[in-house]
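What follows is the content of my_file-v6.pdb, which has PDB, C-alpha atoms, pLDDT in the B column:
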```pdb
ATOM      1  CA  ARG A 443     -12.673  -7.010  -2.144  1.00 77.00           C
ATOM      2  CA  HIS A 444     -10.405  -9.755  -3.354  1.00 91.00           C
ATOM      3  CA  PHE A 445      -8.137  -7.562  -5.463  1.00 91.00           C
ATOM      4  CA  LEU A 446      -6.441  -4.198  -5.022  1.00 89.00           C
ATOM      5  CA  ARG A 447      -6.317  -2.114  -8.177  1.00 90.00           C
ATOM      6  CA  LEU A 448      -2.802  -0.711  -8.525  1.00 92.00           C
ATOM      7  CA  LYS A 449      -3.435   1.038 -11.842  1.00 93.00           C
ATOM      8  CA  PRO A 450      -5.583   0.294 -14.893  1.00 92.00           C
ATOM      9  CA  GLY A 451      -4.992  -3.335 -15.832  1.00 92.00           C
ATOM     10  CA  LEU A 452      -2.758  -4.120 -12.828  1.00 93.00           C
ATOM     11  CA  PHE A 453      -4.170  -5.781  -9.729  1.00 93.00           C
ATOM     12  CA  LEU A 454      -2.798  -7.355  -6.568  1.00 91.00           C
ATOM     13  CA  LEU A 455      -4.405 -10.060  -4.482  1.00 90.00           C
ATOM     14  CA  ASN A 456      -5.800  -8.234  -1.446  1.00 89.00           C
ATOM     15  CA  ARG A 457      -4.222 -10.498   1.132  1.00 89.00           C
ATOM     16  CA  GLU A 458      -1.406  -9.872   3.560  1.00 88.00           C
ATOM     17  CA  PRO A 459       1.495 -10.140   3.514  1.00 91.00           C
ATOM     18  CA  TYR A 460       1.753  -7.787   0.555  1.00 92.00           C
ATOM     19  CA  PRO A 461       4.887  -7.799  -1.590  1.00 93.00           C
ATOM     20  CA  ASP A 462       7.693  -5.400  -0.687  1.00 95.00           C
ATOM     21  CA  PRO A 463       6.777  -1.812  -1.682  1.00 95.00           C
ATOM     22  CA  ARG A 464       9.844  -1.649  -3.955  1.00 96.00           C
ATOM     23  CA  ALA A 465       8.554  -4.715  -5.783  1.00 95.00           C
ATOM     24  CA  ILE A 466       5.175  -3.052  -6.160  1.00 96.00           C
ATOM     25  CA  ALA A 467       6.890   0.047  -7.569  1.00 97.00           C
ATOM     26  CA  SER A 468       8.660  -2.140 -10.121  1.00 96.00           C
ATOM     27  CA  ARG A 469       5.295  -3.561 -11.198  1.00 95.00           C
ATOM     28  CA  LEU A 470       3.744  -0.095 -11.441  1.00 97.00           C
ATOM     29  CA  ASN A 471       6.599   1.028 -13.712  1.00 97.00           C
ATOM     30  CA  PRO A 472       8.939  -1.777 -14.864  1.00 95.00           C
ATOM     31  CA  ASP A 473      11.358   0.727 -16.427  1.00 96.00           C
ATOM     32  CA  ALA A 474      11.790   2.736 -13.228  1.00 98.00           C
ATOM     33  CA  VAL A 475      14.786   2.638 -10.912  1.00 98.00           C
ATOM     34  CA  ILE A 476      14.209   2.942  -7.167  1.00 98.00           C
ATOM     35  CA  SER A 477      16.345   5.941  -6.193  1.00 98.00           C
ATOM     36  CA  LEU A 478      16.332   9.334  -4.491  1.00 98.00           C
ATOM     37  CA  GLU A 479      15.175   9.465  -0.866  1.00 97.00           C
ATOM     38  CA  THR A 480      14.202   5.782  -0.730  1.00 98.00           C
ATOM     39  CA  VAL A 481      17.735   4.575  -1.489  1.00 98.00           C
ATOM     40  CA  LEU A 482      19.426   7.286   0.576  1.00 98.00           C
ATOM     41  CA  HIS A 483      17.350   6.356   3.618  1.00 97.00           C
ATOM     42  CA  GLU A 484      18.001   2.623   3.135  1.00 97.00           C
ATOM     43  CA  ALA A 485      21.748   3.339   2.864  1.00 97.00           C
ATOM     44  CA  ALA A 486      21.554   5.168   6.227  1.00 96.00           C
ATOM     45  CA  MET A 487      22.543   8.412   4.511  1.00 97.00           C
ATOM     46  CA  MET A 488      19.294  10.276   5.189  1.00 96.00           C
ATOM     47  CA  PRO A 489      17.635   9.992   8.601  1.00 94.00           C
ATOM     48  CA  GLU A 490      14.100  10.948   7.571  1.00 92.00           C
ATOM     49  CA  VAL A 491      11.814   8.147   6.468  1.00 93.00           C
ATOM     50  CA  PRO A 492      10.508   9.035   2.999  1.00 94.00           C
ATOM     51  CA  PHE A 493       6.743   9.465   2.767  1.00 95.00           C
ATOM     52  CA  ALA A 494       6.761   7.510  -0.520  1.00 97.00           C
ATOM     53  CA  ILE A 495       8.737   5.011  -2.523  1.00 98.00           C
ATOM     54  CA  THR A 496      10.695   7.241  -4.884  1.00 98.00           C
ATOM     55  CA  ALA A 497      12.031   6.282  -8.290  1.00 98.00           C
ATOM     56  CA  VAL A 498      13.351   7.779 -11.502  1.00 98.00           C
ATOM     57  CA  THR A 499      12.073   6.812 -14.921  1.00 98.00           C
ATOM     58  CA  SER A 500      12.537   7.753 -18.538  1.00 97.00           C
ATOM     59  CA  GLY A 501       8.749   7.660 -18.747  1.00 97.00           C
ATOM     60  CA  LYS A 502       6.267  10.180 -17.484  1.00 96.00           C
ATOM     61  CA  THR A 503       6.289  11.599 -13.995  1.00 98.00           C
ATOM     62  CA  ALA A 504       3.565   9.823 -12.040  1.00 97.00           C
ATOM     63  CA  ARG A 505       2.203   9.421  -8.535  1.00 97.00           C
ATOM     64  CA  TYR A 506       0.169   6.496  -7.255  1.00 97.00           C
ATOM     65  CA  THR A 507      -1.464   6.409  -3.845  1.00 95.00           C
ATOM     66  CA  ILE A 508      -2.772   2.973  -3.009  1.00 93.00           C
ATOM     67  CA  PRO A 509      -4.649   2.485   0.263  1.00 86.00           C
ATOM     68  CA  SER A 510      -2.842   0.085   2.616  1.00 86.00           C
ATOM     69  CA  LEU A 511       0.247   0.064   0.354  1.00 93.00           C
ATOM     70  CA  GLY A 512       1.403   3.680   0.344  1.00 95.00           C
ATOM     71  CA  THR A 513       2.486   6.282  -2.159  1.00 98.00           C
ATOM     72  CA  PHE A 514       4.769   5.722  -5.129  1.00 98.00           C
ATOM     73  CA  LEU A 515       6.461   8.626  -6.914  1.00 98.00           C
ATOM     74  CA  PHE A 516       8.112   8.325 -10.315  1.00 98.00           C
ATOM     75  CA  ARG A 517      10.159  11.313 -11.508  1.00 98.00           C
ATOM     76  CA  HIS A 518      11.084  11.745 -15.145  1.00 98.00           C
ATOM     77  CA  MET A 519      14.728  11.865 -16.196  1.00 97.00           C
ATOM     78  CA  LYS A 520      16.224  11.817 -19.659  1.00 97.00           C
ATOM     79  CA  PRO A 521      16.722   8.181 -20.722  1.00 97.00           C
ATOM     80  CA  VAL A 522      20.529   8.577 -20.785  1.00 97.00           C
ATOM     81  CA  LEU A 523      20.435   9.496 -17.084  1.00 97.00           C
ATOM     82  CA  VAL A 524      18.686   6.317 -15.973  1.00 98.00           C
ATOM     83  CA  PHE A 525      21.732   4.200 -15.118  1.00 98.00           C
ATOM     84  CA  GLY A 526      23.780   3.142 -12.093  1.00 98.00           C
ATOM     85  CA  TRP A 527      21.417   0.466 -10.831  1.00 98.00           C
ATOM     86  CA  THR A 528      21.437  -3.248 -10.043  1.00 98.00           C
ATOM     87  CA  ALA A 529      18.581  -5.724 -10.021  1.00 98.00           C
ATOM     88  CA  ARG A 530      17.617  -6.629  -6.480  1.00 97.00           C
ATOM     89  CA  ALA A 531      15.333  -9.496  -5.487  1.00 97.00           C
ATOM     90  CA  TYR A 532      12.154  -8.758  -3.547  1.00 94.00           C
ATOM     91  CA  PRO A 533      10.479 -12.160  -3.917  1.00 88.00           C
ATOM     92  CA  PRO A 534       8.580 -12.971  -5.953  1.00 85.00           C
ATOM     93  CA  TYR A 535       9.731  -9.939  -7.980  1.00 91.00           C
ATOM     94  CA  THR A 536      12.862  -7.980  -8.707  1.00 94.00           C
ATOM     95  CA  ALA A 537      13.347  -4.239  -8.821  1.00 97.00           C
ATOM     96  CA  ARG A 538      16.012  -2.013 -10.292  1.00 98.00           C
ATOM     97  CA  VAL A 539      17.670  -0.127  -7.432  1.00 98.00           C
ATOM     98  CA  ALA A 540      20.169   2.714  -7.793  1.00 98.00           C
ATOM     99  CA  SER A 541      23.464   2.710  -5.963  1.00 98.00           C
ATOM    100  CA  PRO A 542      23.692   5.254  -3.129  1.00 98.00           C
ATOM    101  CA  GLU A 543      26.106   7.295  -5.241  1.00 98.00           C
ATOM    102  CA  LYS A 544      23.640   7.491  -8.123  1.00 98.00           C
ATOM    103  CA  ALA A 545      20.689   8.140  -5.787  1.00 98.00           C
ATOM    104  CA  LEU A 546      22.521  11.158  -4.343  1.00 98.00           C
ATOM    105  CA  LEU A 547      23.299  12.410  -7.848  1.00 98.00           C
ATOM    106  CA  ASP A 548      19.664  11.940  -8.873  1.00 98.00           C
ATOM    107  CA  LEU A 549      18.537  13.990  -5.886  1.00 97.00           C
ATOM    108  CA  LEU A 550      21.078  16.695  -6.693  1.00 97.00           C
ATOM    109  CA  TRP A 551      19.921  16.694 -10.326  1.00 97.00           C
ATOM    110  CA  PHE A 552      16.388  17.593  -9.306  1.00 97.00           C
ATOM    111  CA  HIS A 553      17.764  20.318  -6.996  1.00 95.00           C
ATOM    112  CA  ARG A 554      20.636  21.508  -9.169  1.00 94.00           C
ATOM    113  CA  PHE A 555      19.334  25.083  -9.239  1.00 94.00           C
ATOM    114  CA  GLU A 556      19.378  25.496  -5.460  1.00 92.00           C
ATOM    115  CA  ARG A 557      20.809  28.937  -4.728  1.00 92.00           C
ATOM    116  CA  ASN A 558      22.428  27.866  -1.466  1.00 94.00           C
ATOM    117  CA  LEU A 559      23.788  24.341  -1.910  1.00 92.00           C
ATOM    118  CA  PRO A 560      25.506  24.137   1.524  1.00 93.00           C
ATOM    119  CA  ALA A 561      22.256  25.086   3.291  1.00 94.00           C
ATOM    120  CA  TYR A 562      20.280  22.600   1.199  1.00 94.00           C
ATOM    121  CA  LEU A 563      22.724  19.780   2.003  1.00 93.00           C
ATOM    122  CA  GLN A 564      22.696  20.713   5.690  1.00 93.00           C
ATOM    123  CA  GLU A 565      18.886  20.584   5.655  1.00 94.00           C
ATOM    124  CA  LEU A 566      19.042  17.017   4.280  1.00 93.00           C
ATOM    125  CA  ARG A 567      21.218  15.971   7.249  1.00 94.00           C
ATOM    126  CA  LEU A 568      23.152  13.558   5.055  1.00 94.00           C
ATOM    127  CA  THR A 569      25.638  11.126   6.534  1.00 94.00           C
ATOM    128  CA  ILE A 570      28.165   9.560   4.190  1.00 95.00           C
ATOM    129  CA  PRO A 571      28.875   5.930   5.185  1.00 95.00           C
ATOM    130  CA  PRO A 572      32.363   4.415   4.788  1.00 95.00           C
ATOM    131  CA  ALA A 573      31.165   2.197   1.913  1.00 95.00           C
ATOM    132  CA  PHE A 574      30.150   5.249  -0.162  1.00 97.00           C
ATOM    133  CA  SER A 575      32.486   5.596  -3.149  1.00 97.00           C
ATOM    134  CA  TRP A 576      33.386   9.170  -4.056  1.00 97.00           C
ATOM    135  CA  LYS A 577      35.229   7.733  -7.056  1.00 97.00           C
ATOM    136  CA  ARG A 578      32.004   6.138  -8.351  1.00 98.00           C
ATOM    137  CA  PHE A 579      30.127   9.352  -7.507  1.00 98.00           C
ATOM    138  CA  ARG A 580      32.557  11.348  -9.717  1.00 97.00           C
ATOM    139  CA  GLU A 581      32.357   8.784 -12.537  1.00 97.00           C
ATOM    140  CA  TYR A 582      28.567   8.822 -12.503  1.00 98.00           C
ATOM    141  CA  ALA A 583      28.504  12.628 -12.273  1.00 97.00           C
ATOM    142  CA  ALA A 584      30.636  12.823 -15.443  1.00 96.00           C
ATOM    143  CA  ASP A 585      27.993  10.732 -17.246  1.00 97.00           C
ATOM    144  CA  PHE A 586      25.451  13.528 -16.741  1.00 96.00           C
ATOM    145  CA  HIS A 587      27.294  15.615 -19.394  1.00 93.00           C
ATOM    146  CA  ASP A 588      26.181  18.927 -17.935  1.00 94.00           C
ATOM    147  CA  ILE A 589      28.854  21.456 -16.963  1.00 93.00           C
ATOM    148  CA  ARG A 590      26.692  23.231 -14.384  1.00 92.00           C
ATOM    149  CA  PHE A 591      25.784  19.925 -12.794  1.00 96.00           C
ATOM    150  CA  GLN A 592      29.474  18.930 -12.651  1.00 94.00           C
ATOM    151  CA  LYS A 593      30.022  22.018 -10.486  1.00 94.00           C
ATOM    152  CA  VAL A 594      27.155  21.002  -8.193  1.00 95.00           C
ATOM    153  CA  ALA A 595      28.599  17.484  -7.839  1.00 96.00           C
ATOM    154  CA  ARG A 596      32.120  18.793  -7.108  1.00 96.00           C
ATOM    155  CA  ALA A 597      30.744  21.290  -4.588  1.00 95.00           C
ATOM    156  CA  THR A 598      28.734  18.548  -2.888  1.00 95.00           C
ATOM    157  CA  GLU A 599      31.804  16.350  -2.547  1.00 94.00           C
ATOM    158  CA  GLY A 600      33.781  19.288  -1.151  1.00 94.00           C
ATOM    159  CA  ILE A 601      31.078  20.035   1.410  1.00 92.00           C
ATOM    160  CA  MET A 602      30.513  16.426   2.476  1.00 90.00           C
ATOM    161  CA  ILE A 603      34.131  15.321   2.860  1.00 82.00           C
TER
END
```
Using structure tokens, write down the structure from this file.
Amino acid sequence: RHFLRLKPGLFLLNREPYPDPRAIASRLNPDAVISLETVLHEAAMMPEVPFAITAVTSGKTARYTIPSLGTFLFRHMKPVLVFGWTARAYPPYTARVASPEKALLDLLWFHRFERNLPAYLQELRLTIPPAFSWKRFREYAADFHDIRFQKVARATEGIMI
């Protein structure tokens, strides 16, 4: 086979080296932002290697499993919550990638109803690097405009510092 089918109407030349998985994710969903476990692992904040490239999107939640390329997960968020990213080059493409602060907030958003936040955070085995900005974390958390989530963000900062 000369082409790999990524999704209906989107194909990739079936020849190594393949583009970076984050670039492939950006082609699968151009509006998505690479975030969650993928960014936290790359920022050396989460020791476990994610089983998939994870991203947030204002579109539908989706999962793509492509042989020889891996799994790509897109989780739906309200459009106003898809922010805090920069464009990063993965030649020949670019991808929108969340900052570590926003990636942590995104993860907390999807787990905001955890009954035991300290135990959940301990289970993640997070390490906060010196470059992590708690100021940016607080600013981004305020942009979520959800009082309950503000409490989760403040509690997380209190636990992690």
Residue IDs satisfying the PyMOL selection byres ((chain A and resi 529-540) around 12), as an NGL selection string: :A and (459-482 or 484-485 or 495-499 or 523-528 or 541-549 or 579 or 582)
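From CA of Phe516 (chain A) back to CA of Arg580 (chain A), the distance works out to 24.6 Å.
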Pick from A:Asp585, A:Ala595, A:Arg578, A:Glu458, whichever lies nearest to Leu563 (chain A) using only C-alpha atoms: A:Ala595
Can you write out as a tab-separated table which residues of region 454-534 of chain A fall within 12 Å of region 443-446 of chain A, alongside each residue's closest atom pair and its distance in Å to one decimal, counting all atoms listed in the file and ordering rows by chain and ascending residue number?
```
residue	atom	partner	partner_atom	distance
A:Leu454	CA	A:Leu446	CA	5.1
A:Leu455	CA	A:Phe445	CA	4.6
A:Asn456	CA	A:Phe445	CA	4.7
A:Arg457	CA	A:His444	CA	7.7
A:Glu458	CA	A:His444	CA	11.3
A:Tyr460	CA	A:Leu446	CA	10.5
A:Ile466	CA	A:Leu446	CA	11.7
A:Thr507	CA	A:Leu446	CA	11.8
A:Ile508	CA	A:Leu446	CA	8.3
A:Pro509	CA	A:Leu446	CA	8.7
A:Ser510	CA	A:Leu446	CA	9.5
A:Leu511	CA	A:Leu446	CA	9.6
```
Atom pair CA of Glu581 (chain A) / CA of Lys593 (chain A): separation (Å):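 Pair CA of Glu581 (chain A) / CA of Lys593 (chain A) returns 13.6 Å.
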Atom pair CA of Lys502 (chain A) / CA of Asp588 (chain A): separation (Å): 21.8 Å
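Using all atoms listed in the file, the set of residues no farther than 12 Å from the position (30.0, 6.9, 5.5) comprises A:Leu482, A:Ala485, A:Ala486, A:Met487, A:Met488, A:Pro542, A:Glu543, A:Leu568, A:Thr569, A:Ile570, A:Pro571, A:Pro572, A:Ala573, A:Phe574, A:Ser575, A:Trp576, A:Met602, A:Ile603.
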